[in-house]
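Chemist: Below is a structure I'd like to ask you about.
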Amino acid sequence: MCKMLKSGRMALFATLAIVLSGCSSTPPEVELAESFAKQRADMLSKIVPIELNGYNLLRAKAKGPEIELTLFFTGKGDISPIPLAKSIQNTYCRDKEIVSLLEQGLTYKLLFRDSRGKAVLARVIAIGDCLNAGIEPKEKVMPHNGV
């Protein structure tokens with residue numbers, strides 16, 4: 001009887017291990033979004049700091065399919081984080097390249113911090129935000145070089 005309980009437990013653990021290993025595999029579309037997020041975050045991290053209406057974008061890093069952008073208040077602006085986040089969202093939703101990334105499952109997380117580093121606002125921008133706002137992406141106009 002005891003031997004049967006042990007083998008039953010072992011079968012249960014084996015089944016559980018198989019189920020959990022199947023759940024842990026990442027779908028290809030998520031892997032693609034994670035790859036895009038890493039590439040984009042790496043590119044942005046090379047050009048920081050960037051001044052944005054009284055905030056400095058100081059850090060860009062990928063966390064899975066999300067790009068986390070950290071903005072610190074410089075004390076030089078009069079715009080609060082909420083309107084600035086809305087402005088950034090509108091800019092992103094009008095950019096065809098960014099919208100294309102959002103459609104692939106990538107998201108942007110804006111983290112606003114005060115001058116002491118205390119978190120003030122966190123805002124995530126996803127494709128649904130662009131669709132809900134009814135913002136249409138615009139074609140980028142390439143400068144005319146006479147050719």
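Each chain of the structure tokens is named A, B, ... in the order shown, its residues numbered from 1; ligands are numbered from 1 in display order.
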Which residues are close to stretch 32-46 of chain A, i.e. within 12 Å by only C-alpha atoms, leaving aside same-chain residues fewer than 3 positions away? Reply as a VMD selection string.

Modeler: chain A and resid 26 to 29 49 to 50 57 to 70 97 to 98 100 to 109

Chemist: Those same residues - C-alpha atoms - I'd like them written as a PDB file, in the first residue's frame.

Modeler:
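Okay, this is what ended up in part10.pdb:
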ATOM      1  CA  THR A  26       7.714  31.530 -24.460  1.00  0.00           C
ATOM      2  CA  PRO A  27       5.576  31.949 -27.603  1.00  0.00           C
ATOM      3  CA  PRO A  28       7.465  33.219 -30.683  1.00  0.00           C
ATOM      4  CA  GLU A  29       5.533  36.519 -30.796  1.00  0.00           C
ATOM      5  CA  PRO A  49      20.336  61.892 -21.105  1.00  0.00           C
ATOM      6  CA  ILE A  50      17.598  63.618 -23.080  1.00  0.00           C
ATOM      7  CA  LEU A  57      15.332  60.831 -19.545  1.00  0.00           C
ATOM      8  CA  LEU A  58      18.234  59.118 -17.812  1.00  0.00           C
ATOM      9  CA  ARG A  59      17.629  55.406 -18.258  1.00  0.00           C
ATOM     10  CA  ALA A  60      16.139  53.049 -20.808  1.00  0.00           C
ATOM     11  CA  LYS A  61      16.075  49.319 -20.203  1.00  0.00           C
ATOM     12  CA  ALA A  62      14.153  46.317 -21.467  1.00  0.00           C
ATOM     13  CA  LYS A  63      12.120  44.146 -19.143  1.00  0.00           C
ATOM     14  CA  GLY A  64      10.695  41.399 -21.314  1.00  0.00           C
ATOM     15  CA  PRO A  65       8.583  43.017 -24.045  1.00  0.00           C
ATOM     16  CA  GLU A  66       8.508  46.324 -22.136  1.00  0.00           C
ATOM     17  CA  ILE A  67      10.851  49.287 -22.463  1.00  0.00           C
ATOM     18  CA  GLU A  68      11.155  51.075 -19.158  1.00  0.00           C
ATOM     19  CA  LEU A  69      12.043  54.767 -19.478  1.00  0.00           C
ATOM     20  CA  THR A  70      13.016  56.613 -16.289  1.00  0.00           C
ATOM     21  CA  GLU A  97       7.821  52.875 -36.431  1.00  0.00           C
ATOM     22  CA  ILE A  98       6.814  52.952 -32.771  1.00  0.00           C
ATOM     23  CA  SER A 100       4.560  49.017 -35.533  1.00  0.00           C
ATOM     24  CA  LEU A 101       6.532  47.915 -32.467  1.00  0.00           C
ATOM     25  CA  LEU A 102       3.476  48.398 -30.239  1.00  0.00           C
ATOM     26  CA  GLU A 103       1.468  46.226 -32.641  1.00  0.00           C
ATOM     27  CA  GLN A 104       4.081  43.487 -32.169  1.00  0.00           C
ATOM     28  CA  GLY A 105       3.363  43.484 -28.404  1.00  0.00           C
ATOM     29  CA  LEU A 106       6.050  45.878 -27.205  1.00  0.00           C
ATOM     30  CA  THR A 107       5.050  48.420 -24.512  1.00  0.00           C
ATOM     31  CA  TYR A 108       6.668  51.504 -23.045  1.00  0.00           C
ATOM     32  CA  LYS A 109       6.604  52.143 -19.314  1.00  0.00           C
TER      33      LYS A 109
END

Chemist: Can you tell me, as a PyMOL selection string, what residues are no more than 10 Å from A:Ile88 when counting only C-alpha atoms, ignoring any on the same chain fewer than 4 positions away?

Modeler: chain A and resi 52+82-84+92-94+110+125

Chemist: Residues of the last selection are to be written out with C-alpha atoms, as a PDB file, in the first residue's frame.

Modeler:
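The result, stored in result09.pdb:
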ATOM      1  CA  LEU A  52      12.091  66.683 -22.005  1.00  0.00           C
ATOM      2  CA  ILE A  82       0.579  63.563 -16.326  1.00  0.00           C
ATOM      3  CA  PRO A  83       0.437  66.024 -19.264  1.00  0.00           C
ATOM      4  CA  LEU A  84       4.001  65.111 -20.229  1.00  0.00           C
ATOM      5  CA  TYR A  92       4.567  57.651 -29.885  1.00  0.00           C
ATOM      6  CA  CYS A  93       1.099  56.931 -31.305  1.00  0.00           C
ATOM      7  CA  ARG A  94       1.804  59.194 -34.282  1.00  0.00           C
ATOM      8  CA  LEU A 110       7.284  55.742 -18.311  1.00  0.00           C
ATOM      9  CA  ILE A 125       1.833  52.942 -23.312  1.00  0.00           C
TER      10      ILE A 125
END

Chemist: Using atom CA of A:Gly128 and atom CA of A:Ser80 as the two end points, give the distance in Å to one decimal.

Modeler: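 Interatomic distance, atom CA of A:Gly128 to atom CA of A:Ser80: 23.6 Å.
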
Chemist: State, in Å with one decimal place, the distance from atom CA of A:Asp129 to atom CA of A:Ser87.

Modeler: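 Atom-to-atom, atom CA of A:Asp129 and atom CA of A:Ser87 are spaced 12.5 Å apart.
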
Chemist: Got a sec: who's within 12 Å of A:Arg116, counting only C-alpha atoms, leaving out chain neighbours fewer than 3 positions off, as a PyMOL selection string?

Modeler: chain A and resi 71-75+112-113+119-120

Chemist: Any chance you can output those residues with C-alpha atoms as a PDB file, in the first residue's frame?

Modeler:
ATOM      1  CA  LEU A  71      12.556  60.380 -16.259  1.00  0.00           C
ATOM      2  CA  PHE A  72      13.823  62.592 -13.428  1.00  0.00           C
ATOM      3  CA  PHE A  73      12.460  66.063 -12.661  1.00  0.00           C
ATOM      4  CA  THR A  74      15.161  68.708 -13.123  1.00  0.00           C
ATOM      5  CA  GLY A  75      13.325  71.525 -11.376  1.00  0.00           C
ATOM      6  CA  PHE A 112       8.572  59.689 -13.506  1.00  0.00           C
ATOM      7  CA  ARG A 113      10.661  60.523 -10.440  1.00  0.00           C
ATOM      8  CA  ALA A 119       8.495  57.690  -7.775  1.00  0.00           C
ATOM      9  CA  VAL A 120       5.801  60.166  -8.835  1.00  0.00           C
TER      10      VAL A 120
END

Chemist: Given only C-alpha atoms as the basis, pick out the residue of A:Leu111, A:Val30, A:Leu121, A:Ala126 nearest to A:Gln89.

Modeler: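 Ranking A:Leu111, A:Val30, A:Leu121, A:Ala126 by distance to A:Gln89, first place goes to A:Ala126.
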
Chemist: Which is closer to A:Asn53 than all the others in A:Glu31, A:Pro81, A:Leu131, A:Val124, using only C-alpha atoms?

Modeler: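 For A:Asn53, the nearest of the given residues is A:Pro81.
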
Chemist: Using atom CA of A:Asn56 and atom CA of A:Asn90 as the two end points, give the distance in Å to one decimal.

Modeler: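 Atom-to-atom, atom CA of A:Asn56 to atom CA of A:Asn90, that is 18.7 Å.
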
Chemist: Would you please give, as a list in words, all residues of stretch 29-84 of chain A that DSSP assigns to strand (DSSP E or B) based on the backbone?

Modeler: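 Result set for stretch 29-84 of chain A (strand (DSSP E or B)): Ile50, Glu51, Leu52, Tyr55, Asn56, Leu57, Leu58, Arg59, Ala60, Lys61, Ala62, Lys63, Glu66, Ile67, Glu68, Leu69, Thr70, Leu71, Phe72 and Phe73 of chain A.
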
Chemist: Save the residues we just selected, N, CA and C atoms, as a PDB file, in the first residue's frame?

Modeler:
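The result, stored in out24.pdb:
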ATOM      1  N   ILE A  50      18.374  62.806 -22.156  1.00  0.00           N
ATOM      2  CA  ILE A  50      17.598  63.618 -23.080  1.00  0.00           C
ATOM      3  C   ILE A  50      16.709  64.542 -22.253  1.00  0.00           C
ATOM      4  N   GLU A  51      16.728  65.821 -22.547  1.00  0.00           N
ATOM      5  CA  GLU A  51      15.909  66.812 -21.849  1.00  0.00           C
ATOM      6  C   GLU A  51      14.503  66.810 -22.440  1.00  0.00           C
ATOM      7  N   LEU A  52      13.492  66.678 -21.578  1.00  0.00           N
ATOM      8  CA  LEU A  52      12.091  66.683 -22.005  1.00  0.00           C
ATOM      9  C   LEU A  52      11.265  67.581 -21.083  1.00  0.00           C
ATOM     10  N   TYR A  55      12.231  67.507 -17.491  1.00  0.00           N
ATOM     11  CA  TYR A  55      12.597  66.163 -17.048  1.00  0.00           C
ATOM     12  C   TYR A  55      13.777  65.699 -17.883  1.00  0.00           C
ATOM     13  N   ASN A  56      14.613  64.888 -17.284  1.00  0.00           N
ATOM     14  CA  ASN A  56      15.709  64.251 -18.004  1.00  0.00           C
ATOM     15  C   ASN A  56      15.410  62.767 -18.118  1.00  0.00           C
ATOM     16  N   LEU A  57      15.413  62.266 -19.337  1.00  0.00           N
ATOM     17  CA  LEU A  57      15.332  60.831 -19.545  1.00  0.00           C
ATOM     18  C   LEU A  57      16.743  60.309 -19.297  1.00  0.00           C
ATOM     19  N   LEU A  58      16.901  59.559 -18.206  1.00  0.00           N
ATOM     20  CA  LEU A  58      18.234  59.118 -17.812  1.00  0.00           C
ATOM     21  C   LEU A  58      18.491  57.635 -18.021  1.00  0.00           C
ATOM     22  N   ARG A  59      17.405  56.849 -18.155  1.00  0.00           N
ATOM     23  CA  ARG A  59      17.629  55.406 -18.258  1.00  0.00           C
ATOM     24  C   ARG A  59      16.578  54.773 -19.152  1.00  0.00           C
ATOM     25  N   ALA A  60      17.023  53.860 -19.976  1.00  0.00           N
ATOM     26  CA  ALA A  60      16.139  53.049 -20.808  1.00  0.00           C
ATOM     27  C   ALA A  60      16.606  51.607 -20.693  1.00  0.00           C
ATOM     28  N   LYS A  61      15.699  50.729 -20.293  1.00  0.00           N
ATOM     29  CA  LYS A  61      16.075  49.319 -20.203  1.00  0.00           C
ATOM     30  C   LYS A  61      14.882  48.445 -20.564  1.00  0.00           C
ATOM     31  N   ALA A  62      15.188  47.269 -21.073  1.00  0.00           N
ATOM     32  CA  ALA A  62      14.153  46.317 -21.467  1.00  0.00           C
ATOM     33  C   ALA A  62      13.870  45.377 -20.303  1.00  0.00           C
ATOM     34  N   LYS A  63      12.588  45.144 -20.103  1.00  0.00           N
ATOM     35  CA  LYS A  63      12.120  44.146 -19.143  1.00  0.00           C
ATOM     36  C   LYS A  63      11.107  43.295 -19.887  1.00  0.00           C
ATOM     37  N   GLU A  66       8.769  44.947 -22.576  1.00  0.00           N
ATOM     38  CA  GLU A  66       8.508  46.324 -22.136  1.00  0.00           C
ATOM     39  C   GLU A  66       9.803  47.131 -22.096  1.00  0.00           C
ATOM     40  N   ILE A  67       9.722  48.367 -22.584  1.00  0.00           N
ATOM     41  CA  ILE A  67      10.851  49.287 -22.463  1.00  0.00           C
ATOM     42  C   ILE A  67      10.520  50.230 -21.323  1.00  0.00           C
ATOM     43  N   GLU A  68      11.357  50.222 -20.324  1.00  0.00           N
ATOM     44  CA  GLU A  68      11.155  51.075 -19.158  1.00  0.00           C
ATOM     45  C   GLU A  68      12.013  52.323 -19.310  1.00  0.00           C
ATOM     46  N   LEU A  69      11.359  53.482 -19.357  1.00  0.00           N
ATOM     47  CA  LEU A  69      12.043  54.767 -19.478  1.00  0.00           C
ATOM     48  C   LEU A  69      11.908  55.505 -18.159  1.00  0.00           C
ATOM     49  N   THR A  70      13.036  55.904 -17.565  1.00  0.00           N
ATOM     50  CA  THR A  70      13.016  56.613 -16.289  1.00  0.00           C
ATOM     51  C   THR A  70      13.349  58.077 -16.513  1.00  0.00           C
ATOM     52  N   LEU A  71      12.412  58.933 -16.096  1.00  0.00           N
ATOM     53  CA  LEU A  71      12.556  60.380 -16.259  1.00  0.00           C
ATOM     54  C   LEU A  71      12.630  61.040 -14.881  1.00  0.00           C
ATOM     55  N   PHE A  72      13.636  61.886 -14.696  1.00  0.00           N
ATOM     56  CA  PHE A  72      13.823  62.592 -13.428  1.00  0.00           C
ATOM     57  C   PHE A  72      13.514  64.069 -13.611  1.00  0.00           C
ATOM     58  N   PHE A  73      12.791  64.639 -12.641  1.00  0.00           N
ATOM     59  CA  PHE A  73      12.460  66.063 -12.661  1.00  0.00           C
ATOM     60  C   PHE A  73      13.727  66.872 -12.409  1.00  0.00           C
TER      61      PHE A  73
END
